[in-house]
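Next comes entry-v1.txt, with compact mmCIF, C-alpha atoms.
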```
# COMPACT_ATOMS: atom_id res chain seq x y z
CA MET A 1 -61.87 -32.17 -77.99
CA PRO A 2 -62.40 -33.42 -74.41
CA SER A 3 -58.70 -33.07 -73.80
CA ASP A 4 -58.83 -29.48 -75.02
CA LYS A 5 -61.69 -28.75 -72.62
CA LYS A 6 -59.70 -30.30 -69.78
CA VAL A 7 -56.68 -28.15 -70.56
CA SER A 8 -58.90 -25.09 -70.80
CA GLY A 9 -60.44 -25.95 -67.44
CA LEU A 10 -57.04 -26.36 -65.82
CA GLY A 11 -55.91 -23.02 -67.26
CA SER A 12 -58.94 -21.18 -65.91
CA SER A 13 -58.48 -22.83 -62.50
CA ALA A 14 -54.82 -21.76 -62.31
CA SER A 15 -55.69 -18.21 -63.32
CA SER A 16 -58.43 -18.04 -60.69
CA GLN A 17 -56.00 -19.28 -58.01
CA ALA A 18 -53.42 -16.67 -59.06
CA LEU A 19 -56.12 -14.00 -58.96
CA GLN A 20 -57.15 -15.15 -55.49
CA VAL A 21 -53.51 -14.98 -54.27
CA SER A 22 -53.14 -11.51 -55.77
CA GLU A 23 -56.32 -10.37 -54.03
CA ASP A 24 -55.07 -11.85 -50.71
CA GLU A 25 -51.79 -9.98 -51.04
CA ASN A 26 -53.59 -6.73 -51.63
CA VAL A 27 -55.60 -7.19 -48.44
CA LYS A 28 -53.84 -5.08 -45.84
CA SER A 29 -53.39 -6.80 -42.48
CA CYS A 30 -51.12 -5.40 -39.76
CA TRP A 31 -48.70 -8.04 -38.45
CA VAL A 32 -48.44 -6.16 -35.12
CA CYS A 33 -52.09 -5.70 -34.11
CA PHE A 34 -53.60 -8.09 -36.75
CA ALA A 35 -56.17 -5.48 -37.77
CA THR A 36 -57.24 -5.20 -41.41
CA GLU A 37 -57.95 -2.21 -43.61
CA ALA A 38 -61.65 -2.72 -43.09
CA ASP A 39 -61.26 -2.27 -39.31
CA ASP A 40 -59.81 1.24 -39.60
CA ARG A 41 -59.90 2.90 -43.01
CA LEU A 42 -58.25 6.09 -41.74
CA ALA A 43 -55.08 4.39 -40.44
CA ALA A 44 -51.78 4.99 -42.25
CA TRP A 45 -50.13 1.91 -43.73
CA VAL A 46 -46.51 1.27 -44.72
CA GLN A 47 -44.41 -1.44 -46.43
CA PRO A 48 -41.13 -1.04 -44.47
CA CYS A 49 -39.21 -4.10 -45.66
CA LYS A 50 -38.78 -6.74 -48.37
CA CYS A 51 -41.47 -9.09 -47.06
CA ILE A 52 -44.16 -10.20 -49.50
CA GLY A 53 -47.69 -11.34 -49.01
CA THR A 54 -49.84 -10.26 -46.10
CA THR A 55 -46.84 -9.69 -43.82
CA LYS A 56 -45.60 -6.76 -45.87
CA TRP A 57 -48.24 -4.41 -44.49
CA VAL A 58 -48.18 -2.79 -41.07
CA HIS A 59 -49.73 0.25 -39.42
CA GLN A 60 -47.41 3.26 -39.24
CA SER A 61 -48.31 3.81 -35.57
CA CYS A 62 -47.93 0.12 -34.65
CA LEU A 63 -44.54 -0.08 -36.33
CA GLN A 64 -43.33 3.07 -34.57
CA ARG A 65 -44.30 1.62 -31.19
CA TRP A 66 -42.52 -1.61 -32.08
CA VAL A 67 -39.40 0.33 -33.16
CA ASP A 68 -39.47 2.30 -29.88
CA GLU A 69 -39.46 -0.97 -27.94
CA LYS A 70 -36.45 -2.22 -29.89
CA GLN A 71 -34.46 1.00 -29.67
CA LYS A 72 -35.05 1.39 -25.90
CA GLY A 73 -34.49 5.13 -25.91
CA ASN A 74 -31.54 5.11 -28.34
CA ILE A 75 -32.99 6.62 -31.51
CA THR A 76 -29.77 5.99 -33.44
CA ARG A 77 -29.97 2.21 -32.96
CA LYS A 78 -30.70 0.28 -36.16
CA VAL A 79 -33.86 -1.83 -36.25
CA LEU A 80 -34.27 -4.81 -38.59
CA CYS A 81 -37.33 -6.66 -39.79
CA PRO A 82 -37.72 -9.88 -37.77
CA GLN A 83 -38.55 -11.83 -40.94
CA CYS A 84 -36.45 -10.62 -43.87
CA LYS A 85 -33.80 -8.83 -41.76
CA ALA A 86 -34.07 -5.67 -43.85
CA GLU A 87 -33.16 -2.46 -42.04
CA TYR A 88 -36.03 -0.06 -41.52
CA ILE A 89 -35.56 3.36 -43.11
CA VAL A 90 -36.29 5.82 -40.32
CA VAL A 91 -36.25 9.48 -41.35
CA PHE A 92 -36.49 12.39 -38.91
CA PRO A 93 -37.74 15.86 -39.88
CA SER A 94 -35.23 18.72 -39.81
CA MET A 95 -35.53 20.73 -36.58
CA GLY A 96 -32.98 23.42 -37.34
CA ALA A 97 -29.30 24.06 -36.65
CA PHE A 98 -29.79 24.85 -32.97
CA VAL A 99 -31.48 21.53 -32.23
CA ALA A 100 -28.76 19.74 -34.21
CA LEU A 101 -26.15 21.48 -32.05
CA LEU A 102 -27.95 20.38 -28.88
CA ASP A 103 -28.10 16.82 -30.21
CA ALA A 104 -24.34 16.86 -30.89
CA LEU A 105 -23.60 18.20 -27.40
CA GLU A 106 -25.82 15.51 -25.87
CA GLU A 107 -24.03 12.79 -27.84
CA ILE A 108 -20.58 14.11 -26.86
CA THR A 109 -21.60 14.30 -23.20
CA HIS A 110 -22.93 10.75 -23.34
CA LYS A 111 -19.65 9.45 -24.74
CA ILE A 112 -17.20 11.29 -22.47
CA SER A 113 -19.14 10.84 -19.22
CA PRO A 114 -17.77 7.31 -18.55
CA PHE A 115 -14.20 8.54 -19.01
CA ILE A 116 -14.76 11.49 -16.68
CA ALA A 117 -16.33 9.22 -14.05
CA GLY A 118 -13.42 6.76 -14.38
CA GLY A 119 -10.89 9.57 -14.02
CA VAL A 120 -12.62 10.91 -10.91
CA LEU A 121 -12.71 7.41 -9.42
CA LEU A 122 -9.02 6.78 -10.13
CA GLY A 123 -8.11 10.20 -8.79
CA SER A 124 -10.05 9.55 -5.61
CA ILE A 125 -8.33 6.20 -5.14
CA TYR A 126 -4.95 7.84 -5.76
CA TRP A 127 -5.46 10.56 -3.13
CA ILE A 128 -6.84 8.01 -0.67
CA ALA A 129 -3.68 5.96 -1.21
CA ILE A 130 -1.53 9.07 -0.60
CA THR A 131 -3.42 9.83 2.61
CA TYR A 132 -3.10 6.25 3.80
CA GLY A 133 0.62 6.26 2.99
CA ALA A 134 1.19 9.48 4.92
CA VAL A 135 -0.76 8.20 7.95
CA THR A 136 1.17 4.94 7.84
CA VAL A 137 4.52 6.75 7.78
CA MET A 138 3.57 8.83 10.82
CA GLN A 139 2.24 5.75 12.58
CA VAL A 140 5.32 3.63 11.96
CA VAL A 141 8.13 6.12 12.58
CA GLY A 142 6.28 8.44 14.94
CA HIS A 143 4.03 11.44 14.39
CA ARG A 144 6.67 14.14 14.73
CA GLU A 145 9.40 12.19 12.94
CA GLY A 146 7.02 11.33 10.12
CA LEU A 147 6.00 14.96 9.59
CA GLU A 148 9.62 16.09 9.56
CA MET A 149 10.52 13.34 7.10
CA MET A 150 7.73 14.26 4.68
CA GLU A 151 8.36 18.00 4.98
CA SER A 152 12.03 17.57 4.10
CA ALA A 153 11.34 15.23 1.19
CA ASP A 154 10.68 16.27 -2.40
CA PRO A 155 6.89 16.62 -3.03
CA LEU A 156 7.18 14.72 -6.30
CA VAL A 157 8.90 11.85 -4.51
CA LEU A 158 6.11 11.77 -1.93
CA LEU A 159 3.44 11.77 -4.65
CA VAL A 160 5.12 8.70 -6.15
CA LEU A 161 6.19 6.78 -3.05
CA LEU A 162 3.27 7.29 -0.67
CA PRO A 163 0.65 5.56 -2.91
CA THR A 164 2.99 2.57 -3.27
CA ILE A 165 2.67 1.79 0.45
CA PRO A 166 -0.89 0.35 0.31
CA VAL A 167 -0.17 -1.28 -3.07
CA THR A 168 2.91 -3.00 -1.61
CA LEU A 169 1.02 -4.17 1.47
CA ILE A 170 -1.83 -5.64 -0.58
CA SER A 171 0.56 -7.29 -3.07
CA ALA A 172 2.59 -8.85 -0.26
CA LYS A 173 -0.57 -10.10 1.42
CA MET A 174 -1.62 -11.95 -1.73
CA TYR A 175 1.37 -14.29 -1.34
CA ASN A 176 0.60 -17.08 1.13
CA TRP A 177 4.01 -17.96 2.51
CA GLU A 178 2.32 -20.30 5.00
CA ASP A 179 1.46 -22.72 2.19
CA SER A 180 5.10 -22.94 1.09
CA VAL A 181 6.23 -23.62 4.65
CA LEU A 182 3.54 -26.24 5.14
CA ILE A 183 4.47 -28.04 1.92
CA PHE A 184 8.11 -28.04 3.00
CA LEU A 185 7.23 -29.45 6.41
CA ARG A 186 5.07 -32.19 4.92
CA LYS A 187 7.76 -33.16 2.45
CA TYR A 188 10.91 -33.15 4.55
CA CYS A 189 9.97 -33.04 8.24
CA ALA A 190 7.12 -35.54 8.51
CA LYS A 191 9.50 -38.34 9.56
CA ILE A 192 11.12 -36.40 12.39
CA PRO A 193 9.49 -37.67 15.62
CA ALA A 194 10.25 -34.56 17.65
CA LEU A 195 8.49 -32.32 15.16
CA GLY A 196 5.30 -34.34 15.50
CA TYR A 197 4.70 -32.87 18.95
CA ILE A 198 4.62 -29.38 17.46
CA LEU A 199 2.85 -30.01 14.16
CA PRO A 200 0.77 -33.22 13.84
CA PHE A 201 1.14 -34.92 10.47
CA GLY A 202 -1.40 -37.70 10.83
CA ASN A 203 -1.45 -40.71 8.58
CA VAL A 204 -0.14 -38.97 5.47
CA GLU A 205 1.38 -42.23 4.26
CA GLY A 206 -2.05 -43.88 3.99
CA ASP A 207 -3.83 -45.08 0.88
CA ARG A 208 -3.67 -43.10 -2.32
CA GLY A 209 -7.34 -42.11 -2.24
CA ALA A 210 -7.04 -40.50 1.19
CA ILE A 211 -3.93 -38.57 0.13
CA VAL A 212 -5.57 -37.28 -3.03
CA SER A 213 -8.69 -36.36 -1.07
CA GLY A 214 -6.59 -34.50 1.47
CA GLN A 215 -4.72 -32.63 -1.26
CA GLN A 216 -7.99 -31.59 -2.86
CA ALA A 217 -9.29 -30.41 0.50
CA ASN A 218 -6.09 -28.44 1.05
CA SER A 219 -6.33 -26.74 -2.35
CA GLN A 220 -10.00 -25.91 -1.80
CA ASN A 221 -9.18 -24.51 1.62
CA ASN A 222 -6.43 -22.34 0.14
CA THR A 223 -8.66 -20.89 -2.55
CA SER A 224 -11.47 -20.22 -0.08
CA HIS A 225 -9.14 -17.97 1.94
CA LEU A 226 -8.24 -15.84 -1.08
CA SER A 227 -11.03 -13.38 -0.38
CA PRO A 228 -10.41 -9.90 -1.84
CA THR A 229 -12.05 -8.14 1.10
CA ARG A 230 -10.09 -10.23 3.60
CA ILE A 231 -6.79 -9.54 1.83
CA PHE A 232 -7.59 -5.82 1.58
CA CYS A 233 -8.53 -5.39 5.23
CA SER A 234 -5.70 -7.56 6.56
CA ALA A 235 -3.07 -5.75 4.48
CA LEU A 236 -4.21 -2.24 5.41
CA LEU A 237 -4.50 -3.09 9.10
CA LEU A 238 -0.99 -4.57 9.28
CA PRO A 239 0.83 -1.29 10.16
CA THR A 240 -1.67 -0.53 12.94
CA ILE A 241 -1.43 -4.03 14.42
CA SER A 242 2.37 -3.97 14.16
CA THR A 243 2.52 -0.64 15.97
CA ILE A 244 0.27 -1.90 18.78
CA ILE A 245 2.21 -5.15 19.27
CA GLY A 246 5.50 -3.26 19.13
CA LYS A 247 4.40 -0.89 21.89
CA MET A 248 3.11 -3.80 24.01
CA PHE A 249 6.07 -6.21 23.84
CA PHE A 250 9.07 -4.12 22.74
CA ARG A 251 8.92 -1.04 24.94
CA SER A 252 12.64 -1.19 25.56
CA VAL A 253 13.34 -0.40 21.90
CA GLN A 254 13.56 3.37 21.57
CA ASN A 255 13.39 3.67 17.79
CA ASN A 256 9.74 3.70 16.63
CA LEU A 257 10.55 2.15 13.25
CA HIS A 258 12.52 -0.74 14.77
CA ARG A 259 9.81 -1.32 17.37
CA THR A 260 7.11 -1.42 14.69
CA ILE A 261 9.15 -3.82 12.54
CA LEU A 262 9.65 -6.17 15.48
CA GLY A 263 5.94 -6.00 16.28
CA GLY A 264 5.04 -6.76 12.66
CA LEU A 265 7.41 -9.72 12.47
CA THR A 266 6.04 -11.09 15.74
CA TYR A 267 2.46 -10.74 14.53
CA ILE A 268 3.17 -12.33 11.14
CA THR A 269 5.08 -15.23 12.74
CA ILE A 270 2.42 -16.04 15.34
CA LYS A 271 -0.42 -15.69 12.85
CA GLY A 272 1.41 -17.81 10.27
CA ALA A 273 2.13 -20.56 12.80
CA LEU A 274 -1.51 -20.72 13.85
CA LYS A 275 -2.59 -20.73 10.22
CA ILE A 276 -0.19 -23.55 9.36
CA TYR A 277 -1.44 -25.60 12.31
CA HIS A 278 -5.07 -25.02 11.36
CA LYS A 279 -4.51 -25.96 7.72
CA GLN A 280 -2.66 -29.12 8.73
CA MET A 281 -5.49 -30.16 11.05
CA LEU A 282 -8.04 -29.56 8.29
CA TYR A 283 -5.88 -31.63 5.95
CA ILE A 284 -5.72 -34.49 8.44
CA ARG A 285 -9.44 -34.32 9.14
CA HIS A 286 -10.37 -34.42 5.47
CA SER A 287 -7.89 -37.12 4.46
CA SER A 288 -8.97 -39.33 7.39
CA ARG A 289 -12.69 -39.25 6.70
CA LYS A 290 -14.62 -42.44 5.93
CA ILE A 291 -18.01 -43.29 4.54
CA LEU A 292 -19.77 -45.91 6.67
CA ASP A 293 -22.34 -48.52 5.80
CA TYR A 294 -25.92 -47.33 6.01
CA THR A 295 -27.00 -49.27 9.09
CA GLU A 296 -29.12 -48.38 12.08
CA SER A 297 -26.14 -48.30 14.43
CA ASN A 298 -24.06 -46.08 12.14
CA LEU A 299 -27.03 -43.81 11.52
CA LYS A 300 -27.60 -43.42 15.26
CA LEU A 301 -23.89 -42.74 15.78
CA TYR A 302 -23.94 -40.13 13.03
CA ARG A 303 -26.95 -38.34 14.51
CA ASN A 304 -25.35 -38.30 17.94
CA ASN A 305 -22.15 -36.80 16.51
CA VAL A 306 -24.12 -34.11 14.68
CA ALA A 307 -26.01 -33.25 17.88
CA ASP A 308 -22.77 -33.09 19.90
CA THR A 309 -21.16 -30.85 17.28
CA SER A 310 -24.09 -28.43 17.27
CA ASN A 311 -24.06 -28.30 21.10
CA GLU A 312 -20.35 -27.51 21.10
CA SER A 313 -20.90 -24.73 18.56
CA GLU A 314 -23.65 -23.20 20.71
CA GLN A 315 -21.42 -23.31 23.79
CA VAL A 316 -18.61 -21.59 21.91
CA ILE A 317 -20.95 -18.86 20.70
```
Rewrite the structure of this file - the entire thing - as structure tokens.
Amino acid sequence: MPSDKKVSGLGSSASSQALQVSEDENVKSCWVCFATEADDRLAAWVQPCKCIGTTKWVHQSCLQRWVDEKQKGNITRKVLCPQCKAEYIVVFPSMGAFVALLDALEEITHKISPFIAGGVLLGSIYWIAITYGAVTVMQVVGHREGLEMMESADPLVLLVLLPTIPVTLISAKMYNWEDSVLIFLRKYCAKIPALGYILPFGNVEGDRGAIVSGQQANSQNNTSHLSPTRIFCSALLLPTISTIIGKMFFRSVQNNLHRTILGGLTYITIKGALKIYHKQMLYIRHSSRKILDYTESNLKLYRNNVADTSNESEQVI
């Protein structure tokens, strides 16, 4: 008999716990604002997902604000429950055929606007390239000769060839021929004594660490010069600079095209030689660097060198 009473007591305890859990689940508590049904008896409640327990209840107004935050203005975006990942069923009232037509037009406009903007941008770039090509032709061969050449040419040919002028200039500028020449000089001409007076080679036959350090410095220096804005400006200014140099140093040449070509070759050669010399000096400077012991004398020497360098920079400016 005592055992029967114990079993009966356990059964009543389990049933009371289940009843308590059922009562707790029926208590409505909003998981957004944490308010209960007793706080506002007029509020509308909803069970929007598969959650169970107290988290299944939420205020209709609170959930709509939460959905608005997740959709961020796009009412067609799907919103999921953060707990059970069930998709909320959002239903809109019917507003009539005219409103549906306006919604469709708005959606179509939203989708095609990026393509229209991209087409306008590409078209603008294309006509700018044509204008630049035409100005370059008149600048290189002469204003009158250029106009006569373009007037006698087929318009379709001009529409195809003129935009290729800036594209060709920019593409050619992206190739650093100076690096190829510098590598050739380092590899085959470093042992020629006479060439050392023109292009210093330094101690390139030093220890392996210095050589590797110098090569890394050279590669970093090359990549730092590959600036898109610098390439763009330098390439588009090449015809103008070539024309100016041609008129300054090759006045005896009567043909405008030949004079401009000679000016361009002169400019590219001088600029390339200076660039090769500068890169070689940077290579030597980086490969010859040393890290000194941290002593008072070396620290004082370092500070003096930094001060002298800053003074030289101020004098140059």
In Å, how far is it from atom CA of A:Gln280 to atom CA of A:Ser171?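 Answer for the atom CA of A:Gln280 to atom CA of A:Ser171 separation: 25.0 Å.
The gap separating atom CA of A:Tyr126 from atom CA of A:Gln139 is 19.8 Å, in Å to one decimal.
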Which residue out of A:Gly246, A:Pro200, A:Gly73, A:Pro82 has the minimum interatomic distance to A:Lys50 when all atoms listed in the file are used? A:Pro82
Expected answer as a PDB file with C-alpha atoms, in the frame of the given file: all residues with atoms within 9 Å of (6.0, 2.8, 11.1), all atoms listed in the file:
```pdb
ATOM      1  CA  THR A 136       1.170   4.940   7.840  1.00  0.00           C
ATOM      2  CA  VAL A 137       4.520   6.750   7.780  1.00  0.00           C
ATOM      3  CA  MET A 138       3.570   8.830  10.820  1.00  0.00           C
ATOM      4  CA  GLN A 139       2.240   5.750  12.580  1.00  0.00           C
ATOM      5  CA  VAL A 140       5.320   3.630  11.960  1.00  0.00           C
ATOM      6  CA  VAL A 141       8.130   6.120  12.580  1.00  0.00           C
ATOM      7  CA  GLY A 142       6.280   8.440  14.940  1.00  0.00           C
ATOM      8  CA  GLY A 146       7.020  11.330  10.120  1.00  0.00           C
ATOM      9  CA  PRO A 239       0.830  -1.290  10.160  1.00  0.00           C
ATOM     10  CA  THR A 240      -1.670  -0.530  12.940  1.00  0.00           C
ATOM     11  CA  SER A 242       2.370  -3.970  14.160  1.00  0.00           C
ATOM     12  CA  THR A 243       2.520  -0.640  15.970  1.00  0.00           C
ATOM     13  CA  ASN A 256       9.740   3.700  16.630  1.00  0.00           C
ATOM     14  CA  LEU A 257      10.550   2.150  13.250  1.00  0.00           C
ATOM     15  CA  HIS A 258      12.520  -0.740  14.770  1.00  0.00           C
ATOM     16  CA  ARG A 259       9.810  -1.320  17.370  1.00  0.00           C
ATOM     17  CA  THR A 260       7.110  -1.420  14.690  1.00  0.00           C
ATOM     18  CA  ILE A 261       9.150  -3.820  12.540  1.00  0.00           C
TER      19      ILE A 261
END
```
So that I can see what lies close to A:Leu238, please list as a PyMOL selection string the residues with an atom at most 10 Å from it, counting only C-alpha atoms and leaving out residues fewer than 6 positions away in the same chain. chain A and resi 136+169-170+173+244+263-264+267-268
With C-alpha atoms retained, write the just-selected residues as a PDB file, keeping the file's coordinate frame.
```pdb
ATOM      1  CA  THR A 136       1.170   4.940   7.840  1.00  0.00           C
ATOM      2  CA  LEU A 169       1.020  -4.170   1.470  1.00  0.00           C
ATOM      3  CA  ILE A 170      -1.830  -5.640  -0.580  1.00  0.00           C
ATOM      4  CA  LYS A 173      -0.570 -10.100   1.420  1.00  0.00           C
ATOM      5  CA  ILE A 244       0.270  -1.900  18.780  1.00  0.00           C
ATOM      6  CA  GLY A 263       5.940  -6.000  16.280  1.00  0.00           C
ATOM      7  CA  GLY A 264       5.040  -6.760  12.660  1.00  0.00           C
ATOM      8  CA  TYR A 267       2.460 -10.740  14.530  1.00  0.00           C
ATOM      9  CA  ILE A 268       3.170 -12.330  11.140  1.00  0.00           C
TER      10      ILE A 268
END
```
For atom CA of A:Lys78 and atom CA of A:Ile108, quote the distance in Å rounded to one decimal.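 Pair atom CA of A:Lys78 / atom CA of A:Ile108 returns 19.5 Å.
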Test item: axis-aligned box, all listed atoms of stretch 146-149 of chain A, 3 Å on each side, centre and edges in Å rounded to one decimal, as JSON:
```
{"center_x": 8.3, "center_y": 13.7, "center_z": 8.6, "size_x": 10.5, "size_y": 10.8, "size_z": 9.0}
```
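Closest approach to A:Leu185 from the set A:Leu102, A:Leu199, A:Cys30, A:Met95 is made by A:Leu199, with distances taken over only C-alpha atoms.
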Tell me which protein, DNA and RNA residues are within 12 Å of A:Ser180, counting only C-alpha atoms, leaving out same-chain ones fewer than 5 positions away, and put them as a PyMOL selection string. chain A and resi 175+185-187+222+272+276
